[in-house]
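> So I've got this file, start.txt, and it contains compact mmCIF, C-alpha atoms and all ligand atoms:
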```txt
# COMPACT_ATOMS: atom_id res chain seq x y z
CA MET A 1 -211.75 30.92 -57.00
CA SER A 2 -210.16 33.09 -59.67
CA GLU A 3 -209.29 31.82 -63.13
CA THR A 4 -205.60 32.04 -62.24
CA GLU A 5 -206.03 29.67 -59.32
CA CYS A 6 -208.03 27.23 -61.47
CA LEU A 7 -205.42 26.88 -64.19
CA ARG A 8 -202.64 24.33 -63.94
CA CYS A 9 -199.72 23.84 -66.30
CA LYS A 10 -200.76 21.76 -69.30
CA ILE A 11 -197.31 20.16 -69.42
CA CYS A 12 -196.34 19.38 -65.82
CA THR A 13 -199.60 20.20 -63.90
CA ALA A 14 -197.77 22.58 -61.48
CA ALA A 15 -199.15 25.98 -60.50
CA VAL A 16 -199.12 28.78 -63.07
CA THR A 17 -199.00 32.56 -62.74
CA GLN A 18 -200.72 35.08 -64.97
CA ILE A 19 -197.88 37.25 -66.27
CA GLY A 20 -199.97 39.73 -68.21
CA VAL A 21 -202.50 40.34 -70.92
CA ARG A 22 -201.84 41.00 -74.56
CA ARG A 23 -204.17 42.57 -77.09
CA GLY A 24 -204.25 40.80 -80.45
CA THR A 25 -203.09 42.83 -83.42
CA PHE A 26 -205.38 40.90 -85.77
CA LYS A 27 -208.22 39.87 -83.42
CA ASP A 28 -209.09 42.84 -81.23
CA ARG A 29 -209.46 41.18 -77.85
CA LEU A 30 -207.38 40.63 -74.74
CA PHE A 31 -205.47 37.39 -74.31
CA LYS A 32 -204.45 36.31 -70.79
CA ILE A 33 -200.90 35.02 -70.67
CA PHE A 34 -199.74 32.46 -68.11
CA ARG A 35 -196.38 30.97 -67.22
CA CYS A 36 -195.66 27.75 -65.33
CA ASN A 37 -193.51 28.39 -62.27
CA THR A 38 -191.94 24.94 -62.60
CA CYS A 39 -191.31 24.02 -66.27
CA GLY A 40 -191.51 27.49 -67.84
CA PHE A 41 -194.39 26.67 -70.21
CA ILE A 42 -196.06 29.86 -71.47
CA PHE A 43 -199.60 29.74 -72.79
CA VAL A 44 -202.65 31.77 -73.66
CA GLY A 45 -205.25 30.91 -71.00
CA ASN A 46 -208.20 32.06 -73.09
CA PRO A 47 -207.15 31.13 -76.64
CA TRP A 48 -209.15 32.04 -79.74
CA LEU A 49 -210.26 28.61 -80.90
CA ASP A 50 -212.45 29.36 -83.91
CA TYR A 51 -210.12 27.45 -86.23
CA LYS A 52 -212.23 28.05 -89.36
CA GLU A 53 -211.94 31.81 -88.81
CA ILE A 54 -208.24 31.74 -87.84
CA TYR A 55 -206.95 29.34 -90.50
CA SER A 56 -208.93 30.75 -93.39
CA GLU A 57 -207.87 31.26 -96.99
CA ALA A 58 -206.72 34.77 -95.97
CA TYR A 59 -204.42 33.33 -93.25
CA TYR A 60 -202.56 31.14 -95.74
CA LYS A 61 -202.11 34.11 -98.05
CA GLY A 62 -200.50 36.20 -95.27
CA GLN A 63 -203.60 38.35 -94.75
CA GLY A 64 -204.49 36.87 -91.35
CA ALA A 65 -203.03 36.78 -87.85
CA ASP A 66 -199.50 36.00 -89.10
CA ARG A 67 -198.39 38.44 -91.82
CA PHE A 68 -195.26 36.42 -92.57
CA VAL A 69 -197.22 33.40 -93.79
CA ASP A 70 -196.70 32.87 -97.52
CA TYR A 71 -198.14 29.39 -98.10
CA VAL A 72 -200.00 29.97 -101.34
CA PHE A 73 -196.96 31.47 -103.09
CA GLU A 74 -194.75 28.62 -101.80
CA LEU A 75 -197.19 26.00 -103.04
CA ARG A 76 -197.24 27.45 -106.55
CA ASN A 77 -193.55 28.44 -106.78
CA PRO A 78 -191.46 25.68 -105.16
CA THR A 79 -188.31 26.55 -107.11
CA ARG A 80 -188.49 30.31 -106.40
CA THR A 81 -189.58 30.44 -102.75
CA ILE A 82 -187.04 30.86 -99.96
CA ARG A 83 -188.95 28.04 -98.20
CA GLN A 84 -186.88 25.57 -100.22
CA TYR A 85 -183.97 26.32 -97.87
CA GLU A 86 -186.05 25.19 -94.91
CA TRP A 87 -187.12 22.01 -96.73
CA ARG A 88 -183.50 21.20 -97.63
CA GLY A 89 -182.31 21.92 -94.08
CA ILE A 90 -184.99 19.75 -92.46
CA ALA A 91 -184.11 16.87 -94.78
CA GLN A 92 -180.44 17.24 -93.80
CA VAL A 93 -181.14 17.41 -90.05
CA VAL A 94 -183.42 14.36 -90.16
CA ARG A 95 -180.85 12.42 -92.21
CA SER A 96 -178.19 13.27 -89.60
CA CYS A 97 -180.41 11.71 -86.90
CA ILE A 98 -181.67 8.56 -88.61
CA PRO A 99 -180.73 6.61 -91.77
CA LEU A 100 -183.21 7.16 -94.61
CA GLY A 101 -183.87 4.34 -97.08
CA SER A 102 -186.57 3.04 -99.38
CA ASP A 103 -188.40 1.42 -96.45
CA THR A 104 -188.40 4.60 -94.30
CA ARG A 105 -191.90 5.98 -93.65
CA TRP A 106 -192.06 9.70 -92.86
CA LEU A 107 -195.11 11.75 -91.86
CA ASP A 108 -195.10 15.55 -91.85
CA PHE A 109 -197.69 16.30 -89.17
CA GLY A 110 -199.42 19.66 -89.69
CA CYS A 111 -197.83 19.89 -93.13
CA GLY A 112 -199.57 23.12 -94.20
CA ASN A 113 -199.30 23.37 -97.96
CA GLY A 114 -197.39 20.07 -98.18
CA GLY A 115 -194.25 21.75 -99.52
CA LEU A 116 -191.91 19.67 -97.35
CA VAL A 117 -193.71 16.49 -98.36
CA ARG A 118 -193.29 17.31 -102.05
CA TYR A 119 -189.62 18.29 -101.58
CA CYS A 120 -188.75 15.10 -99.67
CA ARG A 121 -190.52 12.86 -102.18
CA GLU A 122 -188.46 14.43 -104.96
CA HIS A 123 -185.10 14.40 -103.15
CA LEU A 124 -185.09 11.47 -100.71
CA PRO A 125 -185.44 7.72 -101.18
CA CYS A 126 -188.15 7.31 -98.50
CA SER A 127 -191.96 7.38 -98.53
CA VAL A 128 -193.35 10.68 -97.26
CA TRP A 129 -196.91 11.77 -96.50
CA GLY A 130 -198.47 14.83 -94.93
CA TYR A 131 -201.32 15.38 -92.53
CA GLU A 132 -203.29 18.62 -92.48
CA GLN A 133 -206.83 19.93 -92.24
CA GLY A 134 -208.79 22.87 -93.61
CA TRP A 135 -208.53 25.08 -96.67
CA ILE A 136 -204.81 24.66 -97.35
CA ARG A 137 -205.14 20.86 -97.32
CA ASP A 138 -207.46 20.93 -100.33
CA GLN A 139 -205.05 23.20 -102.24
CA ALA A 140 -202.19 20.75 -101.71
CA VAL A 141 -204.29 17.69 -102.56
CA ASN A 142 -205.40 19.38 -105.80
CA LEU A 143 -201.72 19.55 -106.81
CA GLY A 144 -201.26 15.83 -106.15
CA ILE A 145 -199.42 16.08 -102.82
CA PRO A 146 -200.31 13.01 -100.73
CA ILE A 147 -202.02 14.26 -97.59
CA VAL A 148 -203.73 11.57 -95.56
CA THR A 149 -207.15 11.91 -93.98
CA GLU A 150 -207.85 11.58 -90.26
CA GLU A 151 -209.18 8.04 -90.84
CA VAL A 152 -206.08 6.90 -92.76
CA LEU A 153 -203.85 8.43 -90.10
CA ASP A 154 -205.63 6.57 -87.31
CA SER A 155 -205.25 3.30 -89.21
CA ALA A 156 -201.49 3.93 -89.64
CA ALA A 157 -200.69 3.92 -85.89
CA GLY A 158 -197.25 2.54 -85.07
CA THR A 159 -196.01 2.51 -88.67
CA PHE A 160 -193.87 5.65 -89.06
CA ASP A 161 -190.09 5.92 -88.63
CA VAL A 162 -190.04 9.72 -88.72
CA VAL A 163 -192.57 12.40 -87.82
CA THR A 164 -191.79 16.06 -88.41
CA ALA A 165 -193.95 18.87 -87.00
CA ILE A 166 -192.54 22.12 -88.34
CA GLU A 167 -193.81 25.24 -86.57
CA VAL A 168 -196.89 23.34 -85.40
CA ILE A 169 -196.75 22.85 -81.64
CA GLU A 170 -197.01 26.56 -80.81
CA HIS A 171 -200.47 26.55 -82.44
CA ILE A 172 -201.79 23.73 -80.24
CA ALA A 173 -203.81 24.29 -77.06
CA ASP A 174 -203.09 20.80 -75.66
CA PRO A 175 -199.47 20.02 -76.66
CA VAL A 176 -199.12 16.85 -74.56
CA GLY A 177 -202.34 15.41 -76.01
CA GLU A 178 -201.10 16.07 -79.54
CA LEU A 179 -197.61 14.71 -78.78
CA ARG A 180 -199.19 11.51 -77.43
CA ARG A 181 -201.09 11.19 -80.67
CA ILE A 182 -197.85 11.63 -82.63
CA ARG A 183 -196.15 9.07 -80.37
CA SER A 184 -198.90 6.56 -81.22
CA LEU A 185 -198.14 7.01 -84.93
CA LEU A 186 -194.41 6.21 -84.56
CA LYS A 187 -192.68 2.88 -84.26
CA PRO A 188 -190.68 2.43 -81.04
CA GLY A 189 -187.30 4.09 -81.69
CA GLY A 190 -188.86 6.46 -84.23
CA LEU A 191 -187.78 10.09 -84.50
CA LEU A 192 -189.82 13.21 -83.82
CA PHE A 193 -188.22 16.38 -85.16
CA ILE A 194 -190.06 19.59 -84.41
CA THR A 195 -189.23 23.23 -84.79
CA THR A 196 -190.77 26.00 -82.70
CA GLY A 197 -189.54 29.28 -81.26
CA ASN A 198 -187.38 29.14 -78.11
CA ALA A 199 -188.91 31.33 -75.40
CA ALA A 200 -185.85 31.19 -73.12
CA PRO A 201 -183.89 34.13 -74.62
CA HIS A 202 -187.08 36.22 -74.36
CA ARG A 203 -187.90 35.38 -70.75
CA GLU A 204 -187.40 38.93 -69.47
CA ARG A 205 -189.03 40.68 -72.44
CA LEU A 206 -191.58 38.16 -73.62
CA PHE A 207 -194.08 40.73 -74.80
CA GLU A 208 -191.53 42.28 -77.16
CA TRP A 209 -190.85 38.94 -78.88
CA GLY A 210 -192.06 39.19 -82.49
CA TYR A 211 -192.89 35.46 -82.61
CA PHE A 212 -195.43 35.86 -79.81
CA LEU A 213 -198.69 36.30 -81.73
CA PRO A 214 -201.40 35.49 -79.14
CA GLU A 215 -204.05 34.71 -81.75
CA VAL A 216 -202.08 31.79 -83.24
CA HIS A 217 -198.95 31.07 -81.18
CA ILE A 218 -200.71 30.00 -78.00
CA SER A 219 -198.15 27.56 -76.51
CA LEU A 220 -194.53 28.69 -76.10
CA PHE A 221 -191.63 26.50 -75.02
CA GLU A 222 -188.18 26.71 -73.54
CA PRO A 223 -185.98 23.68 -74.32
CA GLY A 224 -186.53 22.22 -70.84
CA THR A 225 -190.30 22.66 -71.23
CA LEU A 226 -190.25 20.77 -74.49
CA ALA A 227 -188.17 17.98 -72.95
CA GLN A 228 -190.74 17.73 -70.16
CA ALA A 229 -193.60 17.58 -72.71
CA PHE A 230 -191.74 14.81 -74.57
CA LYS A 231 -191.33 12.86 -71.35
CA GLU A 232 -195.05 13.20 -70.56
CA SER A 233 -195.96 11.81 -73.97
CA GLY A 234 -193.66 8.81 -74.34
CA PHE A 235 -190.53 10.32 -75.89
CA ARG A 236 -186.91 10.46 -74.76
CA ALA A 237 -185.53 13.94 -75.33
CA GLU A 238 -182.12 14.30 -76.92
CA PHE A 239 -180.36 17.65 -77.15
CA ARG A 240 -178.31 17.51 -80.34
CA GLY A 241 -177.63 21.23 -80.77
CA TYR A 242 -176.57 22.87 -84.02
CA SER A 243 -176.09 20.54 -86.98
CA PRO A 244 -175.26 21.57 -90.59
CA GLY A 245 -178.91 21.40 -91.77
CA PHE A 246 -179.68 24.35 -89.51
CA ASP A 247 -177.62 26.60 -91.80
CA ASP A 248 -180.51 26.33 -94.26
CA ILE A 249 -183.39 26.28 -91.74
CA ILE A 250 -182.17 29.49 -90.10
CA ARG A 251 -181.28 31.05 -93.46
CA PHE A 252 -184.98 30.68 -94.35
CA LYS A 253 -186.08 32.17 -91.01
CA VAL A 254 -183.79 35.17 -91.38
CA LEU A 255 -184.88 35.89 -94.96
CA LYS A 256 -188.56 35.48 -94.02
CA SER A 257 -188.21 37.92 -91.12
CA LEU A 258 -186.71 40.43 -93.57
CA GLY A 259 -189.79 40.15 -95.79
CA VAL A 260 -187.94 38.29 -98.56
CA HIS A 261 -190.08 35.84 -100.55
CA THR A 262 -187.91 34.60 -103.42
CA THR A 263 -184.35 33.38 -103.74
CA SER A 264 -181.93 35.76 -105.44
CA LEU A 265 -178.28 36.20 -106.29
CA ALA A 266 -178.09 38.97 -103.66
CA GLU A 267 -178.86 36.55 -100.81
CA LYS A 268 -177.04 33.60 -102.36
CA VAL A 269 -173.67 35.36 -102.11
CA LEU A 270 -174.05 35.96 -98.35
CA PRO A 271 -171.95 33.77 -95.95
CA TRP A 272 -174.89 31.79 -94.55
CA LYS A 273 -172.79 29.36 -92.51
CA LEU A 274 -171.65 32.32 -90.41
CA LEU A 275 -174.90 34.30 -90.51
CA SER A 276 -177.09 31.37 -89.47
CA ARG A 277 -174.79 30.52 -86.57
CA ALA A 278 -174.86 34.16 -85.45
CA ALA A 279 -178.67 34.31 -85.69
CA ASP A 280 -178.94 31.10 -83.67
CA LYS A 281 -176.80 32.56 -80.89
CA LYS A 282 -179.67 35.02 -80.37
CA SER A 283 -182.75 32.92 -81.12
CA ARG A 284 -181.28 29.58 -79.88
CA VAL A 285 -183.82 27.54 -81.82
CA THR A 286 -181.30 24.69 -82.04
CA ALA A 287 -181.34 24.32 -78.23
CA HIS A 288 -184.65 22.43 -78.49
CA PRO A 289 -184.45 18.63 -78.21
CA VAL A 290 -185.51 15.99 -80.71
CA GLY A 291 -187.73 13.18 -79.42
CA TRP A 292 -187.19 9.44 -79.68
CA ALA A 293 -190.28 7.25 -79.30
CA GLU A 294 -189.84 4.92 -76.32
ZN ZN A 301 -195.18 23.28 -66.11
```
As structure tokens, what does this structure read like?

Amino acid sequence: MSETECLRCKICTAAVTQIGVRRGTFKDRLFKIFRCNTCGFIFVGNPWLDYKEIYSEAYYKGQGADRFVDYVFELRNPTRTIRQYEWRGIAQVVRSCIPLGSDTRWLDFGCGNGGLVRYCREHLPCSVWGYEQGWIRDQAVNLGIPIVTEEVLDSAAGTFDVVTAIEVIEHIADPVGELRRIRSLLKPGGLLFITTGNAAPHRERLFEWGYFLPEVHISLFEPGTLAQAFKESGFRAEFRGYSPGFDDIIRFKVLKSLGVHTTSLAEKVLPWKLLSRAADKKSRVTAHPVGWAE
């Protein structure tokens, strides 16, 4: 039996088809790319799983598989980095979904440098923690950002009102397994807000999609795929579409893709309400659902 026949979709277990191979631009090897015929899930069938090598100090400095990563600068320059737009936008989107008060418990799952955690603790009334592993975790902890350990996380099952996972799920080889873990951390009725690229507009030209980095972005979703993954892991999917916080989230994405690192007067005078909407018409990142813990 060939490898193609052995593989099933990791979301819906239906048959998958190998749609091609892609050579890594950072790791010089061939990655086999599969697509589910039923739910549209796209994944690397032979992912590079040496996490220590992938998510090294160099990766977080933008010298690894994703050249747009700028985590060390963001950690040290929270008031200069363009990332602050994303933090502000996420806070606004979450607040539009669920009331935030002093008793709200929020976990940023896969928090990277903890920048969102720090921003939310400074600007929102709720209690916010992060969860992360590896080199970047230690950098954030050294600056006093509260990032919980695996043991603390396990002991906090069923206690969170909000979990965010910002640009995390595309890095995960077993998305449903990880979503089930996130579900176990939430209270019933809790909110999961994730961001990830939308593969649907790139269906015909997937291999030309700049987001598709086979070394690190190994699981790609269309909105229906994500809804299916939510269903498999104990969430109700809700499609809320574009809300005002996305002006800032997409503003960050656009600036990042242009190689901009710091805020400036030149970008501040641009009409971001219009530009972000226009960018979303192409990328359609706001078509993804949020998840409500059932
Ligand atoms: Zn599927």
> Just want the residues within 10 Å of ligand ZN 301 (chain A), written as a ChimeraX atom specification, counting all atoms listed in the file.
/A:8-16,35-42,224-225,228-229
> List every protein, DNA or RNA residue that has at least one atom no more than 12 Å from (-172.5, 30.9, -94.7) in the file's coordinates, counting only C-alpha atoms, and write the result as an NGL selection string.
:A and (244-248 or 250-251 or 267-279)
> With a distance cut-off of 10 Å and all atoms listed in the file, select the neighbouring residues of Asn77 in chain A, excluding the residue or stretch itself and same-chain residues fewer than 6 positions from it, and output the selection as JSON, numbers by chain.
{"A": [71, 83, 84, 115, 262]}
> Just how far from CA of Pro47 in chain A is CA of Ile218 in chain A, in Å to one decimal?
6.7 Å
> Could you list, as a PyMOL selection string, every residue within 8 Å of Gly112 in chain A, counting only C-alpha atoms and ignoring same-chain residues fewer than 6 positions away?
chain A and resi 71+132+136-137
> Between A:Cys120, A:Val162, A:Ala293, A:Ala157, which has the minimum distance to Glu86 in chain A (counting only C-alpha atoms)?
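Looking only at the distances to Glu86 in chain A, the closest residue turns out to be A:Cys120.
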> Can you tell me which residues surround range 230-234 of chain A at a distance of at most 10 Å, considering all atoms listed in the file, apart from same-chain residues fewer than 6 positions away, and format the answer as a count of residues only?
21
> Using all atoms listed in the file for the distances, tell me which of A:Phe43, A:Phe26, A:Trp106, A:Tyr85 is nearest to Tyr131 in chain A.
A:Trp106
> Extract, using only C-alpha atoms, all DNA, RNA and protein residues at most 8 Å from range 193-208 of chain A, discarding same-chain residues fewer than 3 positions from it, and format them as a PyMOL selection string.
chain A and resi 22+94+162-170+211-212+220-223+282-285+287-288+290-291
> In terms of the shortest atom-to-atom distance over only C-alpha atoms, which of A:Cys126, A:Leu265, A:Val254, A:Val72 is closest to Asp138 in chain A?
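Closest candidate: A:Val72.
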> May I ask which of the residues A:Thr149, A:Thr25, A:Ser219, A:Ser127 is the closest one to His171 in chain A, counting all atoms listed in the file?
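Among the listed residues, the smallest separation from His171 in chain A belongs to A:Ser219.
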> Looking at only C-alpha atoms, which of A:Ile98, A:Leu30, A:Leu7, A:Ala266 is the one that sits closest to Gly190 in chain A?
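For Gly190 in chain A, the nearest of the given residues is A:Ile98.
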> In terms of the shortest atom-to-atom distance over only C-alpha atoms, which of A:Asp66, A:Glu122, A:Asp161, A:Asp50 is closest to Arg88 in chain A?
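The shortest atom-to-atom distance to Arg88 in chain A comes from A:Glu122.
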> I want to know what sits within 12 Å of Tyr51 in chain A, based on only C-alpha atoms, with residues of the same chain fewer than 6 positions away left out; could you give that as number ranges by chain?
A: 57, 59, 65, 133-135, 171-173, 215-216
> What is the CA of Pro146 in chain A to CA of Glu74 in chain A distance in Å?
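Interatomic distance here is 16.6 Å.
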> Work out how far apart CA of Phe235 in chain A and CA of Phe109 in chain A are and give it in Å to one decimal.
16.2 Å
> Counting all atoms listed in the file, find the residues whose atoms lie at most 8 Å from (-187.4, 34.6, -102.8) (file coordinates) and write them out as an NGL selection string.
:A and (80-82 or 260-264)
> Mind dumping the selected residues with C-alpha atoms as a PDB file, in the coordinates of the input?

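The new file part.pdb reads:
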```pdb
ATOM      1  CA  ARG A  80    -188.490  30.310-106.400  1.00  0.00           C
ATOM      2  CA  THR A  81    -189.580  30.440-102.750  1.00  0.00           C
ATOM      3  CA  ILE A  82    -187.040  30.860 -99.960  1.00  0.00           C
ATOM      4  CA  VAL A 260    -187.940  38.290 -98.560  1.00  0.00           C
ATOM      5  CA  HIS A 261    -190.080  35.840-100.550  1.00  0.00           C
ATOM      6  CA  THR A 262    -187.910  34.600-103.420  1.00  0.00           C
ATOM      7  CA  THR A 263    -184.350  33.380-103.740  1.00  0.00           C
ATOM      8  CA  SER A 264    -181.930  35.760-105.440  1.00  0.00           C
TER       9      SER A 264
END
```
